[in-house]
Structures are given as structure tokens and as C-alpha cells.
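Pasted below: target.cif, mmCIF, N, CA, C and O atoms.
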data_final
loop_
_atom_site.label_atom_id
_atom_site.label_comp_id
_atom_site.auth_asym_id
_atom_site.auth_seq_id
_atom_site.Cartn_x
_atom_site.Cartn_y
_atom_site.Cartn_z
N MET C 60 50.79 146.29 -27.61
CA MET C 60 50.24 146.00 -28.91
C MET C 60 50.28 147.25 -29.79
O MET C 60 50.06 148.36 -29.32
N THR C 61 50.57 147.04 -31.06
CA THR C 61 50.67 148.18 -31.97
C THR C 61 49.34 148.44 -32.65
O THR C 61 48.39 147.68 -32.50
N LYS C 62 49.30 149.53 -33.41
CA LYS C 62 48.08 149.91 -34.10
C LYS C 62 47.89 149.19 -35.42
O LYS C 62 46.81 149.25 -36.00
N GLY C 63 48.90 148.51 -35.91
CA GLY C 63 48.87 147.98 -37.27
C GLY C 63 48.50 146.52 -37.38
O GLY C 63 47.44 146.09 -36.93
N THR C 64 49.41 145.75 -37.97
CA THR C 64 49.13 144.37 -38.37
C THR C 64 48.66 143.49 -37.22
O THR C 64 47.71 142.71 -37.37
N SER C 65 49.27 143.60 -36.08
CA SER C 65 48.92 142.72 -34.98
C SER C 65 47.52 142.99 -34.45
O SER C 65 46.86 142.09 -33.92
N SER C 66 47.02 144.21 -34.60
CA SER C 66 45.67 144.54 -34.14
C SER C 66 44.60 143.90 -35.01
O SER C 66 43.48 143.64 -34.56
N PHE C 67 44.92 143.66 -36.27
CA PHE C 67 43.93 143.09 -37.19
C PHE C 67 43.65 141.63 -36.89
O PHE C 67 42.63 141.10 -37.31
N GLY C 68 44.50 140.98 -36.14
CA GLY C 68 44.27 139.59 -35.78
C GLY C 68 43.15 139.41 -34.78
O GLY C 68 42.63 138.31 -34.60
N THR C 69 42.78 140.48 -34.08
CA THR C 69 41.73 140.38 -33.05
C THR C 69 40.33 140.59 -33.63
O THR C 69 39.35 140.50 -32.90
N ARG C 70 40.24 140.89 -34.92
CA ARG C 70 38.93 141.21 -35.49
C ARG C 70 38.25 139.93 -35.98
O ARG C 70 38.42 139.53 -37.13
N HIS C 71 37.47 139.30 -35.12
CA HIS C 71 36.76 138.09 -35.51
C HIS C 71 35.29 138.12 -35.14
O HIS C 71 34.68 137.09 -34.93
N ARG C 72 34.71 139.32 -35.01
CA ARG C 72 33.27 139.45 -34.81
C ARG C 72 32.65 140.00 -36.09
O ARG C 72 33.24 140.86 -36.74
N LYS C 73 31.48 139.54 -36.43
CA LYS C 73 30.81 140.04 -37.63
C LYS C 73 29.96 141.25 -37.28
O LYS C 73 29.10 141.16 -36.40
N THR C 74 30.20 142.36 -37.95
CA THR C 74 29.38 143.55 -37.73
C THR C 74 28.17 143.56 -38.64
O THR C 74 27.12 144.06 -38.28
N HIS C 75 28.30 143.01 -39.85
CA HIS C 75 27.22 143.02 -40.83
C HIS C 75 26.76 141.60 -41.15
O HIS C 75 27.57 140.69 -41.25
N SER C 76 25.44 141.46 -41.30
CA SER C 76 24.87 140.18 -41.73
C SER C 76 23.97 140.45 -42.93
O SER C 76 23.86 141.58 -43.39
N LEU C 77 23.32 139.40 -43.46
CA LEU C 77 22.50 139.54 -44.66
C LEU C 77 21.25 140.37 -44.37
O LEU C 77 20.59 140.20 -43.35
N CYS C 78 20.94 141.26 -45.31
CA CYS C 78 19.74 142.09 -45.20
C CYS C 78 18.57 141.34 -45.81
O CYS C 78 18.69 140.75 -46.89
N ARG C 79 17.42 141.36 -45.13
CA ARG C 79 16.27 140.61 -45.63
C ARG C 79 15.60 141.33 -46.79
O ARG C 79 14.83 140.71 -47.52
N ARG C 80 15.87 142.60 -47.03
CA ARG C 80 15.25 143.32 -48.15
C ARG C 80 16.11 143.29 -49.41
O ARG C 80 15.63 142.94 -50.48
N CYS C 81 17.41 143.62 -49.29
CA CYS C 81 18.24 143.70 -50.50
C CYS C 81 19.14 142.50 -50.69
O CYS C 81 19.67 142.29 -51.77
N GLY C 82 19.35 141.71 -49.64
CA GLY C 82 20.16 140.51 -49.76
C GLY C 82 21.65 140.73 -49.62
O GLY C 82 22.41 139.77 -49.66
N HIS C 83 22.08 141.97 -49.47
CA HIS C 83 23.51 142.25 -49.32
C HIS C 83 23.95 141.98 -47.88
O HIS C 83 23.14 142.04 -46.97
N ARG C 84 25.23 141.73 -47.70
CA ARG C 84 25.78 141.54 -46.34
C ARG C 84 26.12 142.91 -45.78
O ARG C 84 27.27 143.25 -45.57
N ALA C 85 25.07 143.71 -45.58
CA ALA C 85 25.26 145.10 -45.19
C ALA C 85 24.38 145.49 -44.01
O ALA C 85 24.36 146.67 -43.63
N TYR C 86 23.64 144.54 -43.43
CA TYR C 86 22.77 144.84 -42.30
C TYR C 86 23.62 144.88 -41.04
O TYR C 86 24.21 143.88 -40.63
N HIS C 87 23.71 146.06 -40.42
CA HIS C 87 24.56 146.24 -39.24
C HIS C 87 23.85 145.65 -38.02
O HIS C 87 22.74 146.07 -37.67
N ASN C 88 24.49 144.68 -37.37
CA ASN C 88 23.83 143.96 -36.28
C ASN C 88 23.59 144.83 -35.06
O ASN C 88 22.58 144.68 -34.37
N ALA C 89 24.51 145.75 -34.78
CA ALA C 89 24.34 146.61 -33.60
C ALA C 89 23.40 147.77 -33.89
O ALA C 89 22.54 148.10 -33.07
N LYS C 90 23.53 148.39 -35.06
CA LYS C 90 22.69 149.53 -35.41
C LYS C 90 21.31 149.12 -35.88
O LYS C 90 20.40 149.95 -35.93
N LYS C 91 21.15 147.84 -36.30
CA LYS C 91 19.89 147.31 -36.83
C LYS C 91 19.42 148.08 -38.06
O LYS C 91 18.23 148.29 -38.27
N THR C 92 20.36 148.52 -38.90
CA THR C 92 20.02 149.16 -40.16
C THR C 92 20.91 148.60 -41.26
O THR C 92 22.02 148.14 -40.99
N CYS C 93 20.43 148.66 -42.48
CA CYS C 93 21.21 148.18 -43.62
C CYS C 93 21.95 149.34 -44.25
O CYS C 93 21.38 150.40 -44.51
N ALA C 94 23.25 149.15 -44.48
CA ALA C 94 24.07 150.20 -45.08
C ALA C 94 23.82 150.32 -46.58
O ALA C 94 24.12 151.36 -47.17
N GLN C 95 23.25 149.30 -47.18
CA GLN C 95 23.02 149.31 -48.63
C GLN C 95 21.67 149.93 -48.98
O GLN C 95 21.61 150.86 -49.77
N CYS C 96 20.59 149.40 -48.40
CA CYS C 96 19.26 149.85 -48.81
C CYS C 96 18.54 150.69 -47.75
O CYS C 96 17.49 151.26 -48.02
N GLY C 97 19.08 150.75 -46.53
CA GLY C 97 18.47 151.57 -45.49
C GLY C 97 17.38 150.88 -44.70
O GLY C 97 16.72 151.52 -43.87
N TYR C 98 17.17 149.57 -44.92
CA TYR C 98 16.16 148.82 -44.16
C TYR C 98 16.45 148.99 -42.68
O TYR C 98 17.60 149.00 -42.30
N PRO C 99 15.46 149.21 -41.81
CA PRO C 99 14.01 149.09 -41.93
C PRO C 99 13.28 150.36 -42.35
O PRO C 99 12.07 150.43 -42.17
N ALA C 100 13.98 151.36 -42.90
CA ALA C 100 13.30 152.56 -43.38
C ALA C 100 12.38 152.20 -44.53
O ALA C 100 12.67 151.30 -45.31
N ALA C 101 11.25 152.90 -44.63
CA ALA C 101 10.27 152.58 -45.66
C ALA C 101 10.81 152.89 -47.05
O ALA C 101 10.55 152.15 -48.00
N LYS C 102 11.58 153.97 -47.19
CA LYS C 102 12.12 154.34 -48.49
C LYS C 102 13.49 153.72 -48.69
O LYS C 102 14.30 153.66 -47.76
N THR C 103 13.76 153.27 -49.92
CA THR C 103 15.05 152.68 -50.24
C THR C 103 16.12 153.76 -50.25
O THR C 103 15.90 154.85 -50.79
N ARG C 104 17.27 153.45 -49.66
CA ARG C 104 18.37 154.41 -49.56
C ARG C 104 18.95 154.69 -50.94
O ARG C 104 19.36 153.77 -51.65
N SER C 105 18.99 155.97 -51.35
CA SER C 105 19.66 156.37 -52.58
C SER C 105 20.04 157.83 -52.48
O SER C 105 19.34 158.63 -51.84
N PHE C 106 21.17 158.17 -53.10
CA PHE C 106 21.70 159.52 -53.04
C PHE C 106 22.10 159.98 -54.43
O PHE C 106 22.51 159.18 -55.27
N ASN C 107 21.98 161.29 -54.68
CA ASN C 107 22.31 161.83 -55.99
C ASN C 107 23.81 161.82 -56.27
O ASN C 107 24.21 161.91 -57.43
N TRP C 108 24.64 161.72 -55.23
CA TRP C 108 26.08 161.69 -55.47
C TRP C 108 26.55 160.34 -55.99
O TRP C 108 27.69 160.19 -56.41
N SER C 109 25.67 159.35 -56.01
CA SER C 109 26.04 158.04 -56.54
C SER C 109 25.11 157.68 -57.69
O SER C 109 24.07 157.05 -57.50
N VAL C 110 25.50 158.11 -58.89
CA VAL C 110 24.66 157.87 -60.06
C VAL C 110 24.63 156.38 -60.40
O VAL C 110 23.58 155.82 -60.73
N LYS C 111 25.79 155.72 -60.32
CA LYS C 111 25.85 154.29 -60.66
C LYS C 111 25.06 153.46 -59.65
O LYS C 111 24.43 152.47 -60.01
N GLY C 112 25.08 153.89 -58.36
CA GLY C 112 24.33 153.17 -57.35
C GLY C 112 22.83 153.26 -57.58
O GLY C 112 22.10 152.30 -57.36
N LYS C 113 22.36 154.43 -58.06
CA LYS C 113 20.95 154.59 -58.37
C LYS C 113 20.56 153.76 -59.59
O LYS C 113 19.48 153.20 -59.67
N ARG C 114 21.47 153.66 -60.55
CA ARG C 114 21.21 152.91 -61.78
C ARG C 114 21.05 151.42 -61.48
O ARG C 114 20.27 150.73 -62.12
N ARG C 115 21.78 150.92 -60.50
CA ARG C 115 21.71 149.50 -60.18
C ARG C 115 20.39 149.13 -59.51
O ARG C 115 19.94 147.99 -59.61
N LYS C 116 19.79 150.08 -58.78
CA LYS C 116 18.62 149.74 -57.96
C LYS C 116 17.32 150.33 -58.47
O LYS C 116 16.29 150.18 -57.83
N THR C 117 17.32 150.99 -59.64
CA THR C 117 16.16 151.73 -60.08
C THR C 117 15.09 150.81 -60.68
O THR C 117 15.32 149.61 -60.86
N THR C 118 13.95 151.38 -61.03
CA THR C 118 12.87 150.63 -61.65
C THR C 118 13.33 150.09 -63.00
O THR C 118 13.94 150.81 -63.78
N GLY C 119 13.04 148.83 -63.25
CA GLY C 119 13.44 148.21 -64.51
C GLY C 119 14.59 147.24 -64.34
O GLY C 119 14.93 146.52 -65.28
N THR C 120 15.22 147.20 -63.16
CA THR C 120 16.31 146.27 -62.94
C THR C 120 15.80 144.96 -62.35
O THR C 120 16.55 144.00 -62.26
N GLY C 121 14.53 144.93 -61.97
CA GLY C 121 13.94 143.72 -61.40
C GLY C 121 12.90 143.12 -62.33
O GLY C 121 12.91 143.35 -63.54
N ARG C 122 11.96 142.39 -61.76
CA ARG C 122 10.95 141.70 -62.57
C ARG C 122 9.85 142.61 -63.07
O ARG C 122 9.28 142.37 -64.12
N MET C 123 9.53 143.67 -62.32
CA MET C 123 8.44 144.60 -62.65
C MET C 123 7.14 143.85 -62.90
O MET C 123 6.51 143.99 -63.96
N ARG C 124 6.72 143.02 -61.92
CA ARG C 124 5.57 142.15 -62.10
C ARG C 124 4.30 142.92 -62.44
O ARG C 124 3.48 142.46 -63.21
N HIS C 125 4.14 144.13 -61.88
CA HIS C 125 2.93 144.91 -62.14
C HIS C 125 3.15 145.91 -63.27
O HIS C 125 2.30 146.05 -64.15
N LEU C 126 4.29 146.60 -63.24
CA LEU C 126 4.51 147.71 -64.17
C LEU C 126 4.65 147.29 -65.62
O LEU C 126 4.39 148.07 -66.52
N LYS C 127 5.07 146.03 -65.86
CA LYS C 127 5.33 145.67 -67.25
C LYS C 127 4.07 145.49 -68.07
O LYS C 127 4.12 145.56 -69.29
N ASP C 128 2.89 145.26 -67.43
CA ASP C 128 1.68 145.20 -68.27
C ASP C 128 0.94 146.53 -68.35
O ASP C 128 -0.06 146.59 -69.03
N LEU C 129 1.36 147.56 -67.66
CA LEU C 129 0.62 148.82 -67.66
C LEU C 129 0.54 149.48 -69.03
O LEU C 129 -0.54 149.98 -69.39
N PRO C 130 1.59 149.53 -69.86
CA PRO C 130 1.45 150.18 -71.18
C PRO C 130 0.37 149.52 -72.03
O PRO C 130 -0.41 150.21 -72.70
N ARG C 131 0.30 148.18 -72.00
CA ARG C 131 -0.70 147.47 -72.80
C ARG C 131 -2.11 147.76 -72.28
O ARG C 131 -3.04 147.99 -73.06
N ARG C 132 -2.27 147.77 -70.95
CA ARG C 132 -3.60 148.03 -70.39
C ARG C 132 -4.02 149.48 -70.60
O ARG C 132 -5.20 149.77 -70.83
N PHE C 133 -3.07 150.40 -70.58
CA PHE C 133 -3.36 151.82 -70.83
C PHE C 133 -3.83 152.02 -72.27
O PHE C 133 -4.77 152.77 -72.53
N LYS C 134 -3.17 151.31 -73.19
CA LYS C 134 -3.52 151.42 -74.62
C LYS C 134 -4.96 151.01 -74.86
O LYS C 134 -5.64 151.58 -75.71
N ASN C 135 -5.46 150.05 -74.08
CA ASN C 135 -6.83 149.57 -74.25
C ASN C 135 -7.81 150.25 -73.30
O ASN C 135 -8.94 149.79 -73.16
N GLY C 136 -7.39 151.28 -72.61
CA GLY C 136 -8.30 152.04 -71.75
C GLY C 136 -8.65 151.33 -70.46
O GLY C 136 -9.71 151.57 -69.91
N PHE C 137 -7.78 150.45 -69.99
CA PHE C 137 -7.96 149.72 -68.72
C PHE C 137 -9.29 148.96 -68.69
O PHE C 137 -9.98 148.90 -67.69
N ARG C 138 -9.69 148.37 -69.83
CA ARG C 138 -10.94 147.61 -69.87
C ARG C 138 -10.73 146.26 -69.19
O ARG C 138 -9.63 145.69 -69.23
N GLU C 139 -11.79 145.78 -68.55
CA GLU C 139 -11.72 144.48 -67.86
C GLU C 139 -13.06 143.77 -68.00
O GLU C 139 -14.12 144.40 -68.06
N GLY C 140 -13.01 142.46 -68.04
CA GLY C 140 -14.23 141.65 -68.03
C GLY C 140 -15.00 141.63 -69.31
O GLY C 140 -16.17 141.26 -69.33
N THR C 141 -14.41 142.05 -70.44
CA THR C 141 -15.11 142.03 -71.71
C THR C 141 -14.48 140.97 -72.61
O THR C 141 -13.34 140.58 -72.42
N VAL C 142 -15.27 140.51 -73.59
CA VAL C 142 -14.78 139.52 -74.54
C VAL C 142 -14.83 140.14 -75.93
O VAL C 142 -15.79 140.85 -76.26
N ALA C 143 -13.82 139.89 -76.75
CA ALA C 143 -13.78 140.45 -78.09
C ALA C 143 -14.91 139.87 -78.94
O ALA C 143 -15.25 138.68 -78.81
N LYS C 144 -15.48 140.71 -79.82
CA LYS C 144 -16.56 140.25 -80.68
C LYS C 144 -15.98 139.36 -81.76
O LYS C 144 -14.90 139.60 -82.29
N LYS C 145 -16.77 138.31 -82.15
CA LYS C 145 -16.32 137.42 -83.20
C LYS C 145 -16.43 138.09 -84.55
O LYS C 145 -17.44 138.76 -84.83
N VAL C 146 -15.42 137.91 -85.35
CA VAL C 146 -15.43 138.50 -86.71
C VAL C 146 -15.89 137.42 -87.67
O VAL C 146 -15.27 136.35 -87.76
N THR C 147 -17.00 137.68 -88.37
CA THR C 147 -17.51 136.69 -89.33
C THR C 147 -16.92 136.94 -90.70
O THR C 147 -16.77 138.10 -91.13
N ALA C 148 -16.57 135.86 -91.39
CA ALA C 148 -15.99 135.99 -92.74
C ALA C 148 -17.10 136.33 -93.72
O ALA C 148 -18.14 135.69 -93.76
N SER C 149 -16.86 137.38 -94.53
CA SER C 149 -17.91 137.76 -95.49
C SER C 149 -17.35 137.84 -96.90
O SER C 149 -16.18 137.95 -97.11
#
Would it be possible to restate this file's structure as C-alpha cells?
Amino acid sequence: MTKGTSSFGTRHRKTHSLCRRCGHRAYHNAKKTCAQCGYPAAKTRSFNWSVKGKRRKTTGTGRMRHLKDLPRRFKNGFREGTVAKKVTAS
């Protein structure tokens, strides 16, 4: 058997499956780590040599369920449980 075309016909095992954290088909089944996000590591995988890769995964590319109301709450001094006073027409 040669090293080239005929060897590629024997490759029918999947090395990577879907990652439960990032959803990419980058979770290595034997190594049990994701090549894309680094799961199961606590910190998301990112490197300074890949600026575009960091841009795709940074804060603001998702829903930001908590962070998007922080500027409004900060502006009001993080007040909670109060009701605005009624303004009477005079």
C-alpha cells in the first residue's frame, strides 16, 4: 500500500464529534477535549495570534442576557423594589 490516495480510503472513523459547549464538530473523542473552545477546561480557548478567532467568540456576539441591562441599572444606581412617584398636573 502506498502513502497517498489509496491510504485515504481506509479513513472511516470519526475523530471529532459535536462539542456540548460550543456546538462545533471539534470535540476529540479520544482526547476528550474540544479543539475549538477547549472544553472541559473552565476557560474558553483563545489565543492572541488569532485576532479573528477572538472576535468571533468575544462578549457581544451572543445574547448577553445579563450584561445588556447593566448600563441602564448602573445609570439608576442599581435601585430595586421602589416605585416611581406620581406626578400631579398643576
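Neighbours of C:Leu77 closer than or equal to 8 Å, with only N, CA, C and O atoms counted and sequence neighbours fewer than 4 positions away skipped, come out as Cys81, Gly82, His83, Arg84, Ala85, Tyr86, His87 and Cys93 of chain C.
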Distance criterion (only C-alpha atoms): nearest to C:Cys78 out of C:Cys96, C:Val110, C:Ala101, C:Met123: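 Of C:Cys96, C:Val110, C:Ala101, C:Met123, the one nearest C:Cys78 is C:Cys96, counting only C-alpha atoms.
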Every residue of chain C that DSSP places in alpha helix (DSSP H), as a ChimeraX atom specification: /C:64-67,110-116,129-134
Closest of C:Asn88, C:Thr61, C:Thr103, C:Thr118 to C:Lys73 - atom-to-atom distances counting all atoms listed in the file: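 Of all the options, C:Asn88 lies closest to C:Lys73.
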DSSP strand (DSSP E or B) residues within chain C, listed as a ChimeraX atom specification: /C:75-76,86-87,92-93
